[in-house]
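For reference, the structure is listed below as structure tokens.
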Amino acid sequence: MVSGEGETGKVYKAGFHDRHGRTVLILRPGLQNTKSLENQMKHLVYLIENAILNLPEDQEQMSWLIDFTGWSMSTSVPIKSARETINILQNHYPERLAVAFLYNPPRLFEAFWKIVKYFIDAKTFVKVKFVYPKNSESVELMSTFFDEENLPTEFGGKALLQYNYEEFSKQMNQDDVKTANFWGLGHSNNNQLHASNGFSGAEIAPEPIQNHP
């Protein structure tokens, strides 16, 4: 069952879009709650598909916001999971990612990143941006993509980040019906839609910008 993958809100579709109208996925790797790589990847694909489903007609890409609150080596995903996440994104959804902002990752993450970055191709690599609150250049870059009124406080904005599992599940069920109708599946088993799902996004990002006191 992949339903348990959504309980903590470790990955979910945000209730707002970026300045270009693109769907936003919020990733909170510190809330990782399962150990099944297969289910995590099914969950990832399901949410990517859902993000694509909800793109406006003039957009083909999505944005990722990665929040490192609560992240530690004990809660981080294994290298194998990170590699599979990158593989899915690069090989099955090429050009679907517009940008991935890694917000204020701890210094401990640098060691993890030094390994993971070798799995990322050049096109994806340049889309991954580190943002540090004390680095004005990185903050300004992020502001060109997001309105601070919509952006959660966890990412330096003014909005409150609220995740309600029941409400999110209800929205996903509605989108599943929309997807089934789009593909002409009618009332066929929606489990097929969930079978391609799982994600843990804190595995993507370029070399950290050095903080200055």
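By order of appearance in the structure tokens: chains A, B, ..., then residues from 1 within every chain, and ligands from 1 in the order shown.
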Which residues are close to segment 100-104 of chain A, i.e. within 8 Å by only C-alpha atoms, leaving aside same-chain residues fewer than 5 positions away? Reply as JSON, numbers by chain. {"A": [63, 64, 65, 66, 67, 68, 127, 128, 129, 130, 131, 132, 133, 142, 155, 202, 204, 205]}
Can I get the selected residues back with N, CA and C atoms, as a PDB file, in the first residue's frame?
```pdb
ATOM      1  N   SER A  63       7.657  22.937 -10.556  1.00  0.00           N
ATOM      2  CA  SER A  63       8.709  23.436  -9.680  1.00  0.00           C
ATOM      3  C   SER A  63       8.713  22.626  -8.382  1.00  0.00           C
ATOM      4  N   TRP A  64       9.902  22.452  -7.817  1.00  0.00           N
ATOM      5  CA  TRP A  64      10.036  21.740  -6.546  1.00  0.00           C
ATOM      6  C   TRP A  64      10.579  22.679  -5.483  1.00  0.00           C
ATOM      7  N   LEU A  65      10.005  22.594  -4.284  1.00  0.00           N
ATOM      8  CA  LEU A  65      10.509  23.295  -3.110  1.00  0.00           C
ATOM      9  C   LEU A  65      10.867  22.250  -2.069  1.00  0.00           C
ATOM     10  N   ILE A  66      12.116  22.241  -1.628  1.00  0.00           N
ATOM     11  CA  ILE A  66      12.576  21.212  -0.700  1.00  0.00           C
ATOM     12  C   ILE A  66      12.930  21.847   0.641  1.00  0.00           C
ATOM     13  N   ASP A  67      12.201  21.444   1.670  1.00  0.00           N
ATOM     14  CA  ASP A  67      12.350  21.985   3.023  1.00  0.00           C
ATOM     15  C   ASP A  67      13.149  21.004   3.879  1.00  0.00           C
ATOM     16  N   PHE A  68      14.252  21.462   4.446  1.00  0.00           N
ATOM     17  CA  PHE A  68      15.131  20.571   5.214  1.00  0.00           C
ATOM     18  C   PHE A  68      14.862  20.593   6.714  1.00  0.00           C
ATOM     19  N   LYS A 127      19.321  23.085 -12.940  1.00  0.00           N
ATOM     20  CA  LYS A 127      18.003  23.473 -12.465  1.00  0.00           C
ATOM     21  C   LYS A 127      17.901  23.418 -10.940  1.00  0.00           C
ATOM     22  N   VAL A 128      18.900  22.847 -10.299  1.00  0.00           N
ATOM     23  CA  VAL A 128      18.882  22.689  -8.851  1.00  0.00           C
ATOM     24  C   VAL A 128      19.583  23.884  -8.208  1.00  0.00           C
ATOM     25  N   LYS A 129      18.860  24.571  -7.325  1.00  0.00           N
ATOM     26  CA  LYS A 129      19.379  25.793  -6.716  1.00  0.00           C
ATOM     27  C   LYS A 129      19.370  25.693  -5.192  1.00  0.00           C
ATOM     28  N   PHE A 130      20.506  26.000  -4.590  1.00  0.00           N
ATOM     29  CA  PHE A 130      20.581  26.096  -3.137  1.00  0.00           C
ATOM     30  C   PHE A 130      20.184  27.515  -2.722  1.00  0.00           C
ATOM     31  N   VAL A 131      19.356  27.614  -1.708  1.00  0.00           N
ATOM     32  CA  VAL A 131      18.959  28.921  -1.199  1.00  0.00           C
ATOM     33  C   VAL A 131      19.262  28.987   0.294  1.00  0.00           C
ATOM     34  N   TYR A 132      19.975  30.041   0.690  1.00  0.00           N
ATOM     35  CA  TYR A 132      20.295  30.263   2.093  1.00  0.00           C
ATOM     36  C   TYR A 132      19.761  31.626   2.504  1.00  0.00           C
ATOM     37  N   PRO A 133      19.028  31.709   3.625  1.00  0.00           N
ATOM     38  CA  PRO A 133      18.415  32.970   4.050  1.00  0.00           C
ATOM     39  C   PRO A 133      19.406  34.126   4.163  1.00  0.00           C
ATOM     40  N   MET A 142      15.207  33.098  -5.828  1.00  0.00           N
ATOM     41  CA  MET A 142      13.982  32.389  -5.478  1.00  0.00           C
ATOM     42  C   MET A 142      12.762  33.295  -5.616  1.00  0.00           C
ATOM     43  N   PHE A 155      10.030  28.536   3.695  1.00  0.00           N
ATOM     44  CA  PHE A 155      10.849  28.886   2.542  1.00  0.00           C
ATOM     45  C   PHE A 155      11.096  30.391   2.466  1.00  0.00           C
ATOM     46  N   ALA A 202      14.770  15.326  -1.521  1.00  0.00           N
ATOM     47  CA  ALA A 202      15.909  16.084  -1.011  1.00  0.00           C
ATOM     48  C   ALA A 202      17.199  15.594  -1.587  1.00  0.00           C
ATOM     49  N   ILE A 204      18.274  16.225  -4.693  1.00  0.00           N
ATOM     50  CA  ILE A 204      18.705  16.919  -5.887  1.00  0.00           C
ATOM     51  C   ILE A 204      19.141  18.337  -5.541  1.00  0.00           C
ATOM     52  N   ALA A 205      20.366  18.722  -5.913  1.00  0.00           N
ATOM     53  CA  ALA A 205      20.802  20.086  -5.655  1.00  0.00           C
ATOM     54  C   ALA A 205      22.272  20.331  -5.917  1.00  0.00           C
TER      55      ALA A 205
END
```
For segment 51-56 of chain A, list every protein, DNA or RNA residue within 9 Å, evaluated using only C-alpha atoms, and leave out those in the same chain fewer than 4 positions away; present the list as a PyMOL selection string. chain A and resi 13+21-25+46-47+60-62+96+175+178-179
For the residues in the current selection, export C-alpha atoms as a compact mmCIF listing (two decimals), in the first residue's frame.
```txt
# COMPACT_ATOMS: atom_id res chain seq x y z
CA LYS A 13 1.29 19.16 -4.33
CA GLY A 21 1.62 29.28 -13.16
CA ARG A 22 3.45 25.98 -12.79
CA THR A 23 2.43 23.27 -10.35
CA VAL A 24 4.60 23.15 -7.22
CA LEU A 25 5.64 20.03 -5.33
CA TYR A 46 2.03 9.27 -8.70
CA LEU A 47 2.70 12.82 -7.50
CA GLU A 60 4.75 21.67 -19.33
CA GLN A 61 7.02 21.87 -16.29
CA MET A 62 6.73 21.84 -12.50
CA ARG A 96 9.43 18.18 -16.72
CA ASP A 175 -7.79 14.04 -9.55
CA LYS A 178 -10.20 13.24 -13.67
CA THR A 179 -7.24 11.15 -14.84
```
Pick out the residues sitting within 6 Å of Val11 of chain A, and hand them over as a ChimeraX atom specification; count only C-alpha atoms, and ignore anything fewer than 2 positions along from it in its own chain. /A:9,26-27
How many Å separate atom CA of Phe145 of chain A from atom CA of Glu57 of chain A?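 The value is 18.7 Å.
In this comparison, which uses only C-alpha atoms, the residue of A:Glu166, A:Phe125, A:Phe146, A:Glu140 approaching His17 of chain A most closely is A:Phe146.
Nearest to Ile48 of chain A of all the residues A:Leu89, A:Thr124, A:Phe168, A:Gly4 is A:Leu89, counting only C-alpha atoms.
Between atom CA of Pro105 of chain A and atom CA of Asn150 of chain A there is a distance of 21.2 Å.
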Between A:Met172, A:Glu148, A:Trp113, A:His43, which has the minimum distance to Ile88 of chain A (counting only C-alpha atoms)?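 The shortest atom-to-atom distance to Ile88 of chain A comes from A:His43.
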Can you pull out the residues contacting segment 30-36 of chain A? Cut-off 7 Å, using only C-alpha atoms, and skip same-chain residues under 4 positions away; I want them as a PDB file with all heavy atoms, in the first residue's frame.
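Done, and the output landed in out.pdb:
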```
ATOM      1  N   GLU A   5       2.433   6.425   2.462  1.00  0.00           N
ATOM      2  CA  GLU A   5       3.507   7.330   2.053  1.00  0.00           C
ATOM      3  C   GLU A   5       3.075   8.799   2.168  1.00  0.00           C
ATOM      4  O   GLU A   5       3.912   9.687   2.275  1.00  0.00           O
ATOM      5  CB  GLU A   5       3.931   7.051   0.605  1.00  0.00           C
ATOM      6  CG  GLU A   5       4.484   5.651   0.357  1.00  0.00           C
ATOM      7  CD  GLU A   5       5.821   5.418   1.029  1.00  0.00           C
ATOM      8  OE1 GLU A   5       6.568   6.385   1.239  1.00  0.00           O
ATOM      9  OE2 GLU A   5       6.111   4.251   1.355  1.00  0.00           O
ATOM     10  N   THR A   8       2.531  11.820   6.316  1.00  0.00           N
ATOM     11  CA  THR A   8       3.259  12.897   6.990  1.00  0.00           C
ATOM     12  C   THR A   8       3.382  14.170   6.159  1.00  0.00           C
ATOM     13  O   THR A   8       3.775  15.211   6.684  1.00  0.00           O
ATOM     14  CB  THR A   8       4.684  12.436   7.358  1.00  0.00           C
ATOM     15  OG1 THR A   8       5.416  12.153   6.153  1.00  0.00           O
ATOM     16  CG2 THR A   8       4.651  11.195   8.233  1.00  0.00           C
ATOM     17  N   LYS A  10       5.408  14.341   3.482  1.00  0.00           N
ATOM     18  CA  LYS A  10       6.816  14.444   3.083  1.00  0.00           C
ATOM     19  C   LYS A  10       6.960  14.877   1.624  1.00  0.00           C
ATOM     20  O   LYS A  10       7.975  15.459   1.245  1.00  0.00           O
ATOM     21  CB  LYS A  10       7.541  13.123   3.317  1.00  0.00           C
ATOM     22  CG  LYS A  10       6.982  11.942   2.530  1.00  0.00           C
ATOM     23  CD  LYS A  10       7.619  10.647   2.966  1.00  0.00           C
ATOM     24  CE  LYS A  10       7.011   9.457   2.248  1.00  0.00           C
ATOM     25  NZ  LYS A  10       7.535   8.181   2.767  1.00  0.00           N
ATOM     26  N   GLN A  40       7.978   4.078  -2.069  1.00  0.00           N
ATOM     27  CA  GLN A  40       8.399   5.478  -2.144  1.00  0.00           C
ATOM     28  C   GLN A  40       8.461   5.942  -3.598  1.00  0.00           C
ATOM     29  O   GLN A  40       8.048   7.059  -3.928  1.00  0.00           O
ATOM     30  CB  GLN A  40       9.759   5.653  -1.467  1.00  0.00           C
ATOM     31  CG  GLN A  40       9.713   5.521   0.046  1.00  0.00           C
ATOM     32  CD  GLN A  40      11.087   5.447   0.666  1.00  0.00           C
ATOM     33  OE1 GLN A  40      12.103   5.618  -0.011  1.00  0.00           O
ATOM     34  NE2 GLN A  40      11.144   5.170   1.960  1.00  0.00           N
ATOM     35  N   PHE A  68      14.252  21.462   4.446  1.00  0.00           N
ATOM     36  CA  PHE A  68      15.131  20.571   5.214  1.00  0.00           C
ATOM     37  C   PHE A  68      14.862  20.593   6.714  1.00  0.00           C
ATOM     38  O   PHE A  68      15.678  20.064   7.488  1.00  0.00           O
ATOM     39  CB  PHE A  68      16.599  20.917   4.936  1.00  0.00           C
ATOM     40  CG  PHE A  68      17.077  20.402   3.614  1.00  0.00           C
ATOM     41  CD1 PHE A  68      16.922  21.157   2.465  1.00  0.00           C
ATOM     42  CD2 PHE A  68      17.656  19.148   3.505  1.00  0.00           C
ATOM     43  CE1 PHE A  68      17.348  20.678   1.235  1.00  0.00           C
ATOM     44  CE2 PHE A  68      18.076  18.660   2.279  1.00  0.00           C
ATOM     45  CZ  PHE A  68      17.930  19.426   1.149  1.00  0.00           C
ATOM     46  N   THR A  69      13.756  21.176   7.129  1.00  0.00           N
ATOM     47  CA  THR A  69      13.419  21.180   8.553  1.00  0.00           C
ATOM     48  C   THR A  69      13.370  19.741   9.074  1.00  0.00           C
ATOM     49  O   THR A  69      12.691  18.893   8.511  1.00  0.00           O
ATOM     50  CB  THR A  69      12.048  21.850   8.788  1.00  0.00           C
ATOM     51  OG1 THR A  69      12.093  23.187   8.292  1.00  0.00           O
ATOM     52  CG2 THR A  69      11.703  21.860  10.265  1.00  0.00           C
ATOM     53  N   GLY A  70      14.095  19.477  10.148  1.00  0.00           N
ATOM     54  CA  GLY A  70      14.103  18.145  10.744  1.00  0.00           C
ATOM     55  C   GLY A  70      14.987  17.134  10.041  1.00  0.00           C
ATOM     56  O   GLY A  70      15.047  15.967  10.441  1.00  0.00           O
ATOM     57  N   TRP A  71      15.697  17.561   9.003  1.00  0.00           N
ATOM     58  CA  TRP A  71      16.554  16.627   8.265  1.00  0.00           C
ATOM     59  C   TRP A  71      17.826  16.335   9.040  1.00  0.00           C
ATOM     60  O   TRP A  71      18.442  17.231   9.621  1.00  0.00           O
ATOM     61  CB  TRP A  71      16.913  17.208   6.901  1.00  0.00           C
ATOM     62  CG  TRP A  71      17.639  16.262   5.983  1.00  0.00           C
ATOM     63  CD1 TRP A  71      17.078  15.431   5.058  1.00  0.00           C
ATOM     64  CD2 TRP A  71      19.055  16.039   5.899  1.00  0.00           C
ATOM     65  NE1 TRP A  71      18.050  14.714   4.402  1.00  0.00           N
ATOM     66  CE2 TRP A  71      19.278  15.060   4.905  1.00  0.00           C
ATOM     67  CE3 TRP A  71      20.161  16.558   6.586  1.00  0.00           C
ATOM     68  CZ2 TRP A  71      20.539  14.608   4.561  1.00  0.00           C
ATOM     69  CZ3 TRP A  71      21.426  16.101   6.257  1.00  0.00           C
ATOM     70  CH2 TRP A  71      21.607  15.138   5.245  1.00  0.00           C
ATOM     71  N   THR A  75      17.454  10.672   9.293  1.00  0.00           N
ATOM     72  CA  THR A  75      16.175  10.745   8.579  1.00  0.00           C
ATOM     73  C   THR A  75      16.378  10.832   7.072  1.00  0.00           C
ATOM     74  O   THR A  75      15.410  10.775   6.318  1.00  0.00           O
ATOM     75  CB  THR A  75      15.357  11.983   9.019  1.00  0.00           C
ATOM     76  OG1 THR A  75      16.107  13.176   8.742  1.00  0.00           O
ATOM     77  CG2 THR A  75      15.029  11.929  10.486  1.00  0.00           C
ATOM     78  N   SER A  76      17.615  10.980   6.623  1.00  0.00           N
ATOM     79  CA  SER A  76      17.866  11.135   5.192  1.00  0.00           C
ATOM     80  C   SER A  76      17.588   9.835   4.449  1.00  0.00           C
ATOM     81  O   SER A  76      17.686   8.745   5.016  1.00  0.00           O
ATOM     82  CB  SER A  76      19.314  11.557   4.936  1.00  0.00           C
ATOM     83  OG  SER A  76      20.204  10.501   5.235  1.00  0.00           O
TER      84      SER A  76
END
```
From the set A:Asp18, A:Asp121, A:Asp147, A:Glu154, which residue has the shortest atom-to-atom contact distance to Arg83 of chain A, counting only C-alpha atoms?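 The shortest atom-to-atom distance to Arg83 of chain A comes from A:Asp121.
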Work out how far apart atom CA of Glu7 of chain A and atom CA of Ile86 of chain A are and give it in Å to one decimal.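 Straight-line distance from atom CA of Glu7 of chain A to atom CA of Ile86 of chain A works out to 22.9 Å.
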Got a sec to tell me which of segment 104-170 of chain A DSSP assigns to strand (DSSP E or B), as a PyMOL selection string? chain A and resi 128-131+152+159
Using only C-alpha atoms, which protein or nucleic acid residues come within 9 Å of Asn87 of chain A? Drop anything in the same chain fewer than 4 positions from it, and give the result as a VMD selection string. chain A and resid 82 to 83 91 to 92 119 to 120
Now that the selection is made, can you save its residues with N, CA and C atoms as a PDB file, in the first residue's frame?
```pdb
ATOM      1  N   ALA A  82      17.968   7.994  -3.445  1.00  0.00           N
ATOM      2  CA  ALA A  82      18.273   9.240  -4.150  1.00  0.00           C
ATOM      3  C   ALA A  82      18.571   8.957  -5.617  1.00  0.00           C
ATOM      4  N   ARG A  83      19.359   7.922  -5.847  1.00  0.00           N
ATOM      5  CA  ARG A  83      19.732   7.579  -7.220  1.00  0.00           C
ATOM      6  C   ARG A  83      18.507   7.181  -8.036  1.00  0.00           C
ATOM      7  N   ASN A  91      15.117  10.105 -16.665  1.00  0.00           N
ATOM      8  CA  ASN A  91      14.891   9.167 -17.759  1.00  0.00           C
ATOM      9  C   ASN A  91      13.427   8.970 -18.138  1.00  0.00           C
ATOM     10  N   HIS A  92      12.522   9.261 -17.204  1.00  0.00           N
ATOM     11  CA  HIS A  92      11.105   9.057 -17.496  1.00  0.00           C
ATOM     12  C   HIS A  92      10.317  10.364 -17.608  1.00  0.00           C
ATOM     13  N   PHE A 119      25.174  11.547  -9.974  1.00  0.00           N
ATOM     14  CA  PHE A 119      24.098  10.823 -10.651  1.00  0.00           C
ATOM     15  C   PHE A 119      23.259  11.757 -11.525  1.00  0.00           C
ATOM     16  N   ILE A 120      23.480  13.061 -11.405  1.00  0.00           N
ATOM     17  CA  ILE A 120      22.615  14.031 -12.061  1.00  0.00           C
ATOM     18  C   ILE A 120      23.215  14.493 -13.384  1.00  0.00           C
TER      19      ILE A 120
END
```
Which residue, A:Ser169, A:Ser72, A:Gln59, A:Asn39, has the smallest gap to Ala111 of chain A when you use only C-alpha atoms?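 Comparing A:Ser169, A:Ser72, A:Gln59, A:Asn39 against Ala111 of chain A, the winner is A:Ser72.
Residue nearest Ser81 of chain A within the list A:Leu37, A:Leu151, A:Ala159, A:Leu97: A:Leu37 [criterion: smallest interatomic distance, only C-alpha atoms].
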